[in-house]
$ cat data.csv   # CSV, C-alpha atoms
chain,number,residue,atom,x,y,z
A,180,GLN,CA,72.5,125.6,110.0
A,181,ALA,CA,71.2,127.5,106.9
A,182,TYR,CA,73.1,130.6,108.1
A,183,ARG,CA,76.3,128.7,108.5
A,184,SER,CA,75.9,127.1,105.1
A,185,ILE,CA,75.4,130.5,103.4
A,186,THR,CA,78.4,131.9,105.3
A,187,PHE,CA,80.5,128.9,104.1
A,188,GLU,CA,79.4,129.5,100.5
A,189,VAL,CA,80.4,133.2,100.7
A,190,ARG,CA,83.7,132.2,102.1
A,191,ARG,CA,84.2,129.6,99.4
A,192,ARG,CA,83.5,132.0,96.6
A,193,LEU,CA,85.7,134.6,98.2
A,194,SER,CA,88.5,132.1,98.5
A,195,GLU,CA,88.2,131.1,94.8
A,196,SER,CA,88.1,134.8,93.7
A,197,ILE,CA,91.2,135.7,95.8
A,198,GLU,CA,93.1,132.6,94.6
A,199,LEU,CA,92.4,133.5,90.9
A,200,ARG,CA,93.7,137.0,91.5
A,201,GLU,CA,96.8,135.7,93.4
A,202,LEU,CA,97.5,133.3,90.5
A,203,GLY,CA,97.2,136.1,88.0
A,204,GLY,CA,99.5,138.3,90.0
A,205,ALA,CA,96.9,141.0,90.1
A,206,ASN,CA,97.2,143.7,92.8
A,207,SER,CA,94.2,145.7,91.9
A,208,ASN,CA,92.0,147.7,94.3
A,209,SER,CA,89.3,145.1,93.9
A,210,GLY,CA,91.7,142.3,94.8
A,211,GLU,CA,92.7,144.2,97.9
A,212,ALA,CA,89.1,144.7,98.8
A,213,LEU,CA,88.5,140.9,98.5
A,214,VAL,CA,91.5,140.3,100.8
A,215,THR,CA,90.1,142.8,103.4
A,216,LEU,CA,86.7,141.2,103.3
A,217,ALA,CA,88.1,137.7,103.6
A,218,GLN,CA,90.2,138.8,106.7
A,219,ALA,CA,87.1,140.3,108.3
A,220,MET,CA,85.4,136.9,107.9
A,221,ASN,CA,88.4,135.1,109.4
A,222,LEU,CA,89.0,133.5,106.0
A,223,PRO,CA,92.7,132.6,105.2
A,224,VAL,CA,93.9,134.1,102.0
A,225,PRO,CA,95.0,131.1,99.8
A,226,LEU,CA,98.3,130.5,98.1
A,227,PRO,CA,98.6,129.2,94.6
A,228,GLU,CA,99.3,125.5,94.6
A,229,ASP,CA,103.0,125.8,93.6
A,230,GLU,CA,103.9,128.7,96.0
A,231,PRO,CA,105.5,128.0,99.4
A,232,ALA,CA,102.9,127.7,102.1
A,233,ALA,CA,103.1,129.0,105.7
A,234,SER,CA,104.8,126.8,108.2
A,235,ALA,CA,102.7,124.7,110.6
A,236,ASP,CA,103.5,127.1,113.5
A,237,GLU,CA,101.7,129.9,111.7
A,238,LEU,CA,98.5,128.0,111.1
A,239,SER,CA,95.9,126.4,113.3
A,240,PRO,CA,95.8,122.6,113.3
A,241,PRO,CA,94.0,121.0,110.4
A,242,GLY,CA,90.3,120.3,110.7
A,243,PRO,CA,87.1,122.3,111.5
A,244,PRO,CA,86.8,124.5,114.6
A,245,PRO,CA,85.2,122.9,117.7
A,246,ARG,CA,81.5,122.9,117.4
A,247,SER,CA,81.1,124.8,120.6
A,248,ALA,CA,83.1,127.7,119.1
A,249,GLN,CA,80.6,127.9,116.2
A,250,GLU,CA,77.6,127.7,118.5
A,251,ASP,CA,78.9,130.4,120.9
A,252,SER,CA,79.4,133.0,118.1
A,253,PRO,CA,76.4,135.3,117.6
A,254,GLN,CA,74.4,134.3,114.5
A,255,PRO,CA,71.4,136.3,113.2
A,256,ALA,CA,68.3,134.2,112.6
A,257,PRO,CA,67.8,133.3,108.9
A,258,GLN,CA,65.1,134.9,107.0
A,259,PRO,CA,62.8,132.1,105.7
A,260,ALA,CA,61.9,133.9,102.5
A,261,ALA,CA,65.5,134.5,101.5
A,262,VAL,CA,67.1,131.2,102.4
A,263,PRO,CA,67.8,129.0,99.4
A,264,VAL,CA,67.9,125.2,99.5
A,265,VAL,CA,71.5,124.4,100.6
A,266,GLU,CA,73.4,121.4,102.0
A,267,THR,CA,73.4,121.2,105.7
A,268,SER,CA,76.7,121.2,107.7
A,269,THR,CA,78.5,118.1,108.7
A,270,VAL,CA,77.3,116.2,111.8
A,271,SER,CA,79.8,114.8,114.3
A,272,VAL,CA,79.6,111.1,115.1
A,273,PRO,CA,78.9,110.4,118.8
A,274,ALA,CA,82.1,109.7,120.7
A,275,ALA,CA,80.6,106.5,122.1
A,276,LYS,CA,80.8,104.8,118.7
A,277,GLU,CA,84.6,105.1,118.4
A,278,PRO,CA,87.2,105.5,121.1
A,279,PRO,CA,89.0,108.8,121.2
A,280,ARG,CA,92.2,109.1,119.1
A,281,THR,CA,95.3,111.0,119.8
A,282,VAL,CA,96.9,112.9,116.9
A,283,THR,CA,100.0,115.0,117.0
A,284,ALA,CA,99.8,117.5,114.2
A,285,PRO,CA,103.1,116.9,112.3
A,286,ALA,CA,105.3,119.8,111.3
A,287,VAL,CA,104.0,119.8,107.8
A,288,VAL,CA,103.0,122.7,105.6
A,289,GLU,CA,99.2,123.1,105.4
A,290,ALA,CA,97.2,124.5,102.5
A,291,THR,CA,96.0,128.0,103.4
A,292,GLY,CA,93.1,127.9,101.1
A,293,SER,CA,90.1,125.6,101.6
A,294,ASP,CA,89.5,123.5,98.6
A,295,SER,CA,87.0,121.3,100.4
A,296,PRO,CA,83.4,122.1,101.1
A,297,GLN,CA,84.3,122.1,104.8
A,298,GLU,CA,83.7,125.3,106.6
A,299,ALA,CA,86.8,127.5,107.1
A,300,GLY,CA,88.5,127.5,110.5
A,301,ALA,CA,87.9,130.3,113.0
A,302,ALA,CA,91.5,131.1,113.6
A,303,GLU,CA,92.8,134.3,112.0
A,304,VAL,CA,95.6,134.0,109.5
A,305,GLU,CA,97.2,137.1,108.1
A,306,ALA,CA,97.5,137.5,104.3
A,307,PRO,CA,100.9,136.4,103.2
A,308,ALA,CA,103.4,138.9,101.8
A,309,GLN,CA,104.0,138.8,98.1
A,310,VAL,CA,106.6,136.1,97.4
A,311,THR,CA,108.2,134.6,94.4
A,312,ALA,CA,107.5,130.9,94.0
A,313,PRO,CA,110.8,129.0,94.1
A,314,SER,CA,111.8,127.3,90.9
A,315,ASP,CA,111.5,123.6,90.6
A,316,SER,CA,115.0,122.1,90.8
A,317,GLY,CA,113.9,118.7,91.8
A,318,CYS,CA,112.7,116.9,95.0
A,319,HIS,CA,115.9,117.1,97.0
A,320,GLY,CA,116.3,117.1,100.8
A,321,GLY,CA,117.1,120.8,100.9
A,322,LEU,CA,113.4,121.5,100.3
A,323,LEU,CA,112.7,120.2,103.8
A,324,LYS,CA,114.1,123.4,105.3
A,325,THR,CA,112.1,125.7,103.0
A,326,ARG,CA,108.4,126.6,102.9
A,327,GLN,CA,107.9,124.9,99.6
A,328,ARG,CA,105.0,122.4,99.8
A,329,SER,CA,105.5,120.4,96.7
A,330,CYS,CA,108.1,119.5,94.0
A,331,THR,CA,108.7,117.7,90.8
A,332,ASP,CA,111.7,115.8,89.4
A,333,ALA,CA,112.8,116.1,85.8
A,334,LEU,CA,112.7,112.9,83.8
A,335,ALA,CA,115.6,111.8,81.7
A,336,ALA,CA,113.2,111.0,78.9
A,337,GLY,CA,111.8,114.6,79.0
A,338,GLY,CA,109.2,116.4,81.0
A,339,ASP,CA,108.5,116.2,84.7
A,340,GLY,CA,107.5,113.4,87.0
A,341,PRO,CA,104.4,113.5,89.2
A,342,ARG,CA,104.0,116.4,91.5
A,343,MET,CA,104.9,115.3,95.0
A,344,ALA,CA,103.5,116.8,98.3
A,345,ILE,CA,106.2,117.2,100.9
A,346,VAL,CA,105.3,115.5,104.2
A,347,LYS,CA,107.5,116.0,107.3
A,348,PRO,CA,107.7,113.6,110.2
A,349,GLY,CA,104.8,113.3,112.8
A,350,SER,CA,102.8,110.8,114.8
A,351,PHE,CA,99.1,109.7,114.7
A,352,THR,CA,96.8,106.9,115.7
A,353,MET,CA,96.3,104.5,112.9
A,354,GLY,CA,93.2,102.3,112.5
A,355,SER,CA,89.9,102.2,114.3
A,356,GLU,CA,87.5,99.9,116.0
A,357,TRP,CA,84.8,100.2,113.2
A,358,ALA,CA,85.8,96.9,111.7
A,359,PRO,CA,88.0,94.0,112.8
A,360,GLU,CA,90.5,94.5,110.0
A,361,GLU,CA,91.0,98.1,111.0
A,362,GLY,CA,92.0,97.4,114.6
A,363,PRO,CA,93.5,97.6,117.0
A,364,PRO,CA,94.1,101.4,116.9
A,365,HIS,CA,97.8,101.9,117.5
A,366,ALA,CA,100.3,104.8,117.7
A,367,VAL,CA,102.6,105.2,114.7
A,368,ALA,CA,105.5,107.6,114.5
A,369,ILE,CA,106.6,108.6,111.0
A,370,GLY,CA,110.3,109.4,111.7
A,371,ALA,CA,111.5,110.4,108.3
A,372,PRO,CA,110.1,112.9,105.8
A,373,PHE,CA,108.7,111.6,102.5
A,374,GLY,CA,106.9,112.7,99.4
A,375,ILE,CA,103.6,111.5,98.2
A,376,ALA,CA,102.0,112.2,94.9
A,377,ALA,CA,99.4,115.0,95.0
A,378,HIS,CA,97.3,113.1,92.4
A,379,GLU,CA,96.8,109.4,91.5
A,380,VAL,CA,99.1,108.4,88.6
A,381,SER,CA,97.3,109.3,85.4
A,382,HIS,CA,97.0,107.2,82.3
A,383,ASP,CA,99.2,109.7,80.4
A,384,GLU,CA,101.9,109.4,83.0
A,385,TYR,CA,101.8,105.7,82.9
A,386,GLN,CA,101.8,105.7,79.1
A,387,GLN,CA,105.1,107.5,79.1
A,388,TYR,CA,106.5,104.7,81.2
A,389,CYS,CA,105.1,102.1,78.9
A,390,SER,CA,106.6,103.7,75.9
A,391,GLY,CA,110.0,104.3,77.5
A,392,ALA,CA,110.3,100.8,79.2
A,393,GLY,CA,108.5,98.8,76.5
A,394,ALA,CA,106.0,97.6,79.2
A,395,ARG,CA,102.4,96.5,78.8
A,396,CYS,CA,100.1,99.5,78.8
A,397,PRO,CA,96.6,98.9,80.0
A,398,ASP,CA,93.6,99.9,77.9
A,399,ASN,CA,92.2,103.3,79.1
A,400,PRO,CA,88.4,102.8,79.8
A,401,TRP,CA,88.0,106.6,80.2
A,402,SER,CA,87.6,109.4,77.7
A,403,THR,CA,91.1,111.0,78.1
A,404,GLY,CA,94.5,110.3,79.5
A,405,ASP,CA,93.9,112.8,82.3
A,406,TYR,CA,92.0,110.1,84.3
A,407,PRO,CA,93.8,107.9,86.8
A,408,VAL,CA,95.4,104.8,85.3
A,409,VAL,CA,93.5,101.6,86.2
A,410,ASN,CA,93.8,97.9,85.2
A,411,VAL,CA,97.3,97.7,86.7
A,412,SER,CA,98.6,95.1,89.1
A,413,TRP,CA,100.6,95.6,92.2
A,414,ASP,CA,103.8,94.5,90.4
A,415,GLU,CA,103.1,96.9,87.5
A,416,ALA,CA,102.6,99.8,89.9
A,417,SER,CA,105.9,98.9,91.6
A,418,ALA,CA,107.6,98.7,88.2
A,419,TYR,CA,106.4,102.2,87.3
A,420,ALA,CA,107.9,103.5,90.6
A,421,ASN,CA,111.2,101.7,89.7
A,422,TRP,CA,111.2,103.4,86.3
A,423,LEU,CA,110.7,106.8,87.9
A,424,SER,CA,113.7,106.1,90.1
A,425,ALA,CA,115.9,105.2,87.1
A,426,GLN,CA,114.7,108.3,85.3
A,427,THR,CA,115.3,110.8,88.2
A,428,GLY,CA,118.1,109.2,90.2
A,429,ARG,CA,115.9,109.3,93.3
A,430,ARG,CA,114.0,106.5,95.1
A,431,TYR,CA,110.3,106.3,94.2
A,432,ARG,CA,108.2,103.5,95.5
A,433,LEU,CA,104.6,102.7,96.6
A,434,PRO,CA,103.7,104.3,100.0
A,435,THR,CA,103.5,102.0,103.0
A,436,GLU,CA,100.0,101.5,104.4
A,437,ALA,CA,100.9,103.7,107.5
A,438,GLU,CA,102.3,106.5,105.3
A,439,TRP,CA,99.2,106.4,103.1
A,440,GLU,CA,96.8,106.8,106.1
A,441,PHE,CA,99.1,109.5,107.7
A,442,ALA,CA,99.1,111.5,104.5
A,443,ALA,CA,95.4,111.0,103.8
A,444,ARG,CA,94.5,112.0,107.3
A,445,ALA,CA,96.7,115.1,107.2
A,446,GLY,CA,96.2,115.6,110.9
A,447,VAL,CA,92.5,114.9,111.3
A,448,GLU,CA,90.9,112.4,113.6
A,449,SER,CA,87.5,112.3,111.8
A,450,ARG,CA,86.3,109.4,109.6
A,451,TYR,CA,86.9,111.3,106.4
A,452,PRO,CA,89.4,114.1,105.5
A,453,PHE,CA,86.6,116.7,105.7
A,454,GLY,CA,84.6,115.5,108.7
A,455,ASP,CA,82.5,112.6,110.0
A,456,GLU,CA,80.0,112.9,107.2
A,457,LEU,CA,80.7,112.6,103.5
A,458,LEU,CA,79.1,114.6,100.7
A,459,PRO,CA,79.1,113.8,97.0
A,460,VAL,CA,81.0,117.1,96.3
A,461,GLN,CA,83.9,115.9,98.6
A,462,ALA,CA,84.8,112.6,97.0
A,463,ARG,CA,83.9,110.5,94.0
A,464,TYR,CA,82.0,107.4,95.3
A,465,ALA,CA,78.7,105.5,95.0
A,466,SER,CA,76.6,108.3,96.5
A,467,GLY,CA,73.4,107.4,94.6
A,468,LEU,CA,74.1,110.1,92.0
A,469,GLY,CA,75.2,107.8,89.2
A,470,ALA,CA,79.0,107.8,89.6
A,471,GLU,CA,80.2,105.6,86.7
A,472,GLU,CA,83.8,106.8,86.4
A,473,PRO,CA,86.4,108.6,88.5
A,474,TRP,CA,87.1,112.3,88.4
A,475,PRO,CA,89.9,113.3,86.0
A,476,ARG,CA,92.8,115.4,87.2
A,477,SER,CA,91.3,118.4,85.3
A,478,TYR,CA,88.2,118.4,87.5
A,479,ARG,CA,88.7,121.6,89.3
A,480,ASP,CA,86.1,121.2,92.0
A,481,ALA,CA,87.8,118.1,93.5
A,482,PRO,CA,88.8,119.1,97.1
A,483,ARG,CA,92.3,118.5,98.5
A,484,ASN,CA,93.2,117.7,102.0
A,485,ALA,CA,95.5,119.8,104.3
A,486,PHE,CA,98.6,118.2,102.8
A,487,GLY,CA,97.6,119.1,99.3
A,488,LEU,CA,96.4,115.6,98.2
A,489,TYR,CA,93.6,115.3,95.7
A,490,ASN,CA,91.2,112.3,95.8
A,491,SER,CA,92.9,110.8,98.9
A,492,ILE,CA,89.6,108.9,99.3
A,493,GLY,CA,87.3,107.7,96.5
A,494,ASN,CA,88.0,108.0,92.8
A,495,VAL,CA,90.1,104.8,92.5
A,496,ARG,CA,91.4,102.4,95.1
A,497,GLU,CA,95.2,102.7,95.6
A,498,TRP,CA,97.8,100.0,95.9
A,499,VAL,CA,100.2,100.3,98.9
A,500,ALA,CA,103.4,98.5,99.6
A,501,ASP,CA,102.2,96.2,102.4
A,502,ALA,CA,101.1,92.6,102.3
A,503,TRP,CA,97.6,91.9,103.6
A,504,HIS,CA,97.2,91.0,107.3
A,505,ALA,CA,93.7,90.5,108.8
A,506,SER,CA,94.3,93.2,111.4
A,507,HIS,CA,96.9,95.7,112.6
A,508,SER,CA,98.1,93.3,115.4
A,509,GLY,CA,101.9,93.2,115.2
A,510,ALA,CA,102.1,96.2,112.8
A,511,PRO,CA,105.3,98.2,113.1
A,512,ALA,CA,105.2,101.4,115.1
A,513,ASP,CA,107.5,103.2,112.7
A,514,GLY,CA,105.3,103.2,109.7
A,515,GLY,CA,107.2,100.6,107.8
A,516,ALA,CA,105.7,98.2,105.3
A,517,ARG,CA,104.5,94.8,106.5
A,518,GLU,CA,105.9,91.8,104.7
A,519,GLY,CA,104.0,88.6,103.9
A,520,ASN,CA,102.7,86.3,101.2
A,521,GLY,CA,99.5,86.4,99.3
A,522,ALA,CA,97.2,89.4,98.9
A,523,ARG,CA,98.2,93.0,99.0
A,524,VAL,CA,96.4,96.0,100.5
A,525,VAL,CA,94.4,98.7,98.7
A,526,ARG,CA,93.2,101.8,100.5
A,527,GLY,CA,90.8,104.7,99.9
A,528,GLY,CA,87.9,103.1,98.2
A,529,SER,CA,86.7,103.9,94.6
A,530,PHE,CA,84.0,105.7,92.6
A,531,ALA,CA,82.0,102.4,92.7
A,532,ASP,CA,82.2,101.9,96.5
A,533,GLU,CA,79.8,103.0,99.3
A,534,ALA,CA,80.9,105.8,101.7
A,535,THR,CA,81.9,103.3,104.4
A,536,ALA,CA,84.7,102.0,102.1
A,537,LEU,CA,86.1,105.5,101.9
A,538,ARG,CA,86.7,105.9,105.6
A,539,LEU,CA,90.3,106.9,106.4
A,540,SER,CA,90.8,103.7,108.4
A,541,SER,CA,89.1,101.4,105.8
A,542,ARG,CA,91.3,98.8,104.1
A,543,MET,CA,90.8,95.7,102.0
A,544,PRO,CA,92.8,92.9,100.5
A,545,LEU,CA,93.4,92.4,96.7
A,546,ASP,CA,95.4,89.8,94.9
A,547,GLY,CA,98.6,91.4,93.8
A,548,SER,CA,98.1,90.1,90.2
A,549,ALA,CA,94.5,91.6,90.0
A,550,ARG,CA,93.7,94.3,87.4
A,551,ASP,CA,90.4,96.1,87.5
A,552,GLU,CA,88.8,99.4,86.6
A,553,LYS,CA,88.5,100.5,90.2
A,554,THR,CA,92.1,100.2,91.3
A,555,GLY,CA,95.1,102.5,90.5
A,556,PHE,CA,97.8,104.0,92.7
A,557,ARG,CA,99.8,107.0,93.8
A,558,ILE,CA,103.5,106.9,94.5
A,559,ALA,CA,105.8,107.9,97.4
A,560,LEU,CA,109.4,109.3,97.4
A,561,ASP,CA,112.3,109.0,99.9
A,562,PHE,CA,114.1,112.3,100.5
A,563,GLY,CA,117.1,110.6,102.0
A,564,GLU,CA,119.1,112.4,104.6
A,565,THR,CA,118.1,115.9,105.6
A,566,PRO,CA,120.9,118.4,105.2
A,567,ASP,CA,122.1,120.1,108.4
$ encode --input "data.csv" --output "structure tokens"
Amino acid sequence: QAYRSITFEVRRRLSESIELRELGGANSNSGEALVTLAQAMNLPVPLPEDEPAASADELSPPGPPPRSAQEDSPQPAPQPAAVPVVETSTVSVPAAKEPPRTVTAPAVVEATGSDSPQEAGAAEVEAPAQVTAPSDSGCHGGLLKTRQRSCTDALAAGGDGPRMAIVKPGSFTMGSEWAPEEGPPHAVAIGAPFGIAAHEVSHDEYQQYCSGAGARCPDNPWSTGDYPVVNVSWDEASAYANWLSAQTGRRYRLPTEAEWEFAARAGVESRYPFGDELLPVQARYASGLGAEEPWPRSYRDAPRNAFGLYNSIGNVREWVADAWHASHSGAPADGGAREGNGARVVRGGSFADEATALRLSSRMPLDGSARDEKTGFRIALDFGETPD
């Protein structure tokens, strides 16, 4: 375990070094040496966040390699005198505790770099050729036939809207049997592509809406506007999405509960985006280390999942479009929102919640008029018809 942890740390630092050189456009000999070393260690060479990523067919499915593959590879015994104190690797939950799932990896682009503390996969991925990042001309349907993995729309008021990760159709098993409100597990097929914000909406982004629409703007309890906006109700979050639609001419909205879980899972079957155990470096939650506020967007060590979403669990709870139902019984199989009266659904848990509230299947009700410092939101986008 110590050897694997040290190997992961070497891979992580190599990944960061290579990504910095790629972002800087450097083609120095030292940069080529890092690429060569990374390939020798089966480490995918990462793309900058805004460059087009490799297609799903060129990459292995999301998630860590099978445990047996790690154990079968030769590993030298660690030297006791040279091994530092490190975090141990994640531990799989016994299959008996939760029935097996079926997940069809959707045809979505996957981040080639590993921003999470999860160990890199064993599959070899060739270093991509030098490419020019496509210019942002908006989140239009034509992007679905390209390798671009995210986009932004220009606002009529000036500036750009939130960066949206591009998610293509796919299927997965939603829910679990860990709690009554999370069951029954059921198959969901997301039939249409959609966009979902890479980050939770920030206070600065929401402030622009408040100023432009003359809407109530909540007090910011955090130190800068780079933190996620909180103290907003479900209606206010929906109003922000409607304002974005008017500003861009496209249809922004809150994600459905099924879309939220599909995007947060990004193809994994585990309890969390990075495995069956959760570490404080993987999400902002009540880990016993004194988390009193969420991570701001500028926090560079926040990991992202395979679809490019930051803080898909933890940080702040996120409003979704659905009305609350006590279970998934009767939930639509196409990923649509569930209608109803009363409470709404929040997903993902917050910086003040225990790890169990951050499980990918975890869900809780919240009155639609509620405003608190633990709840914010991210938005979704309809791409409309895909061009032939």
$ residues_around --input "data.csv" --residues "segment 487-499 of chain A" --least-positions-apart "4" --cutoff "7 Å" --atoms "all atoms listed in the file" --output "PyMOL selection string"
chain A and resi 290+344+377-378+413+433-436+443+462-464+473-474+481-483+524-530+537+553-557
$ write_last_selection --input "data.csv" --atoms "C-alpha atoms" --output "PDB file, in the frame of the given file"
ATOM      1  CA  ALA A 290      97.200 124.500 102.500  1.00  0.00           C
ATOM      2  CA  ALA A 344     103.500 116.800  98.300  1.00  0.00           C
ATOM      3  CA  ALA A 377      99.400 115.000  95.000  1.00  0.00           C
ATOM      4  CA  HIS A 378      97.300 113.100  92.400  1.00  0.00           C
ATOM      5  CA  TRP A 413     100.600  95.600  92.200  1.00  0.00           C
ATOM      6  CA  LEU A 433     104.600 102.700  96.600  1.00  0.00           C
ATOM      7  CA  PRO A 434     103.700 104.300 100.000  1.00  0.00           C
ATOM      8  CA  THR A 435     103.500 102.000 103.000  1.00  0.00           C
ATOM      9  CA  GLU A 436     100.000 101.500 104.400  1.00  0.00           C
ATOM     10  CA  ALA A 443      95.400 111.000 103.800  1.00  0.00           C
ATOM     11  CA  ALA A 462      84.800 112.600  97.000  1.00  0.00           C
ATOM     12  CA  ARG A 463      83.900 110.500  94.000  1.00  0.00           C
ATOM     13  CA  TYR A 464      82.000 107.400  95.300  1.00  0.00           C
ATOM     14  CA  PRO A 473      86.400 108.600  88.500  1.00  0.00           C
ATOM     15  CA  TRP A 474      87.100 112.300  88.400  1.00  0.00           C
ATOM     16  CA  ALA A 481      87.800 118.100  93.500  1.00  0.00           C
ATOM     17  CA  PRO A 482      88.800 119.100  97.100  1.00  0.00           C
ATOM     18  CA  ARG A 483      92.300 118.500  98.500  1.00  0.00           C
ATOM     19  CA  VAL A 524      96.400  96.000 100.500  1.00  0.00           C
ATOM     20  CA  VAL A 525      94.400  98.700  98.700  1.00  0.00           C
ATOM     21  CA  ARG A 526      93.200 101.800 100.500  1.00  0.00           C
ATOM     22  CA  GLY A 527      90.800 104.700  99.900  1.00  0.00           C
ATOM     23  CA  GLY A 528      87.900 103.100  98.200  1.00  0.00           C
ATOM     24  CA  SER A 529      86.700 103.900  94.600  1.00  0.00           C
ATOM     25  CA  PHE A 530      84.000 105.700  92.600  1.00  0.00           C
ATOM     26  CA  LEU A 537      86.100 105.500 101.900  1.00  0.00           C
ATOM     27  CA  LYS A 553      88.500 100.500  90.200  1.00  0.00           C
ATOM     28  CA  THR A 554      92.100 100.200  91.300  1.00  0.00           C
ATOM     29  CA  GLY A 555      95.100 102.500  90.500  1.00  0.00           C
ATOM     30  CA  PHE A 556      97.800 104.000  92.700  1.00  0.00           C
ATOM     31  CA  ARG A 557      99.800 107.000  93.800  1.00  0.00           C
TER      32      ARG A 557
END
$ residues_near_point --input "data.csv" --point "(99.9, 110.3, 106.7)" --cutoff "9 Å" --atoms "all atoms listed in the file" --output "mmCIF file with C-alpha atoms, in the frame of the given file"
data_model
loop_
_atom_site.group_PDB
_atom_site.id
_atom_site.type_symbol
_atom_site.label_atom_id
_atom_site.label_comp_id
_atom_site.auth_asym_id
_atom_site.auth_seq_id
_atom_site.Cartn_x
_atom_site.Cartn_y
_atom_site.Cartn_z
ATOM 1 C CA VAL A 346 105.300 115.500 104.200
ATOM 2 C CA GLY A 349 104.800 113.300 112.800
ATOM 3 C CA SER A 350 102.800 110.800 114.800
ATOM 4 C CA PHE A 351 99.100 109.700 114.700
ATOM 5 C CA ILE A 369 106.600 108.600 111.000
ATOM 6 C CA ALA A 437 100.900 103.700 107.500
ATOM 7 C CA GLU A 438 102.300 106.500 105.300
ATOM 8 C CA TRP A 439 99.200 106.400 103.100
ATOM 9 C CA GLU A 440 96.800 106.800 106.100
ATOM 10 C CA PHE A 441 99.100 109.500 107.700
ATOM 11 C CA ALA A 442 99.100 111.500 104.500
ATOM 12 C CA ALA A 443 95.400 111.000 103.800
ATOM 13 C CA ARG A 444 94.500 112.000 107.300
ATOM 14 C CA ALA A 445 96.700 115.100 107.200
ATOM 15 C CA GLY A 446 96.200 115.600 110.900
ATOM 16 C CA PHE A 486 98.600 118.200 102.800
#
$ residues_near_point --input "data.csv" --point "(92.8, 108.7, 86.8)" --cutoff "7 Å" --atoms "only C-alpha atoms" --output "ChimeraX atom specification"
/A:379-382,405-408,473-476
$ closest_residue --input "data.csv" --among "A:Leu468, A:Pro400, A:Arg550, A:Trp503" --to "Glu533 of chain A" --atoms "all atoms listed in the file"
A:Leu468
$ closest_residue --input "data.csv" --among "A:Leu322, A:Met543, A:Ala534, A:Ala333" --to "Asp455 of chain A" --atoms "all atoms listed in the file"
A:Ala534
$ atom_distance --input "data.csv" --atom1 "atom CA of Ser417 of chain A" --atom2 "atom CA of His365 of chain A"
27.3 Å
$ atom_distance --input "data.csv" --atom1 "atom CA of Pro459 of chain A" --atom2 "atom CA of Val447 of chain A"
19.6 Å
$ closest_residue --input "data.csv" --among "A:Ala531, A:Ala358, A:Val411, A:Leu334" --to "Ala505 of chain A" --atoms "only C-alpha atoms"
A:Ala358
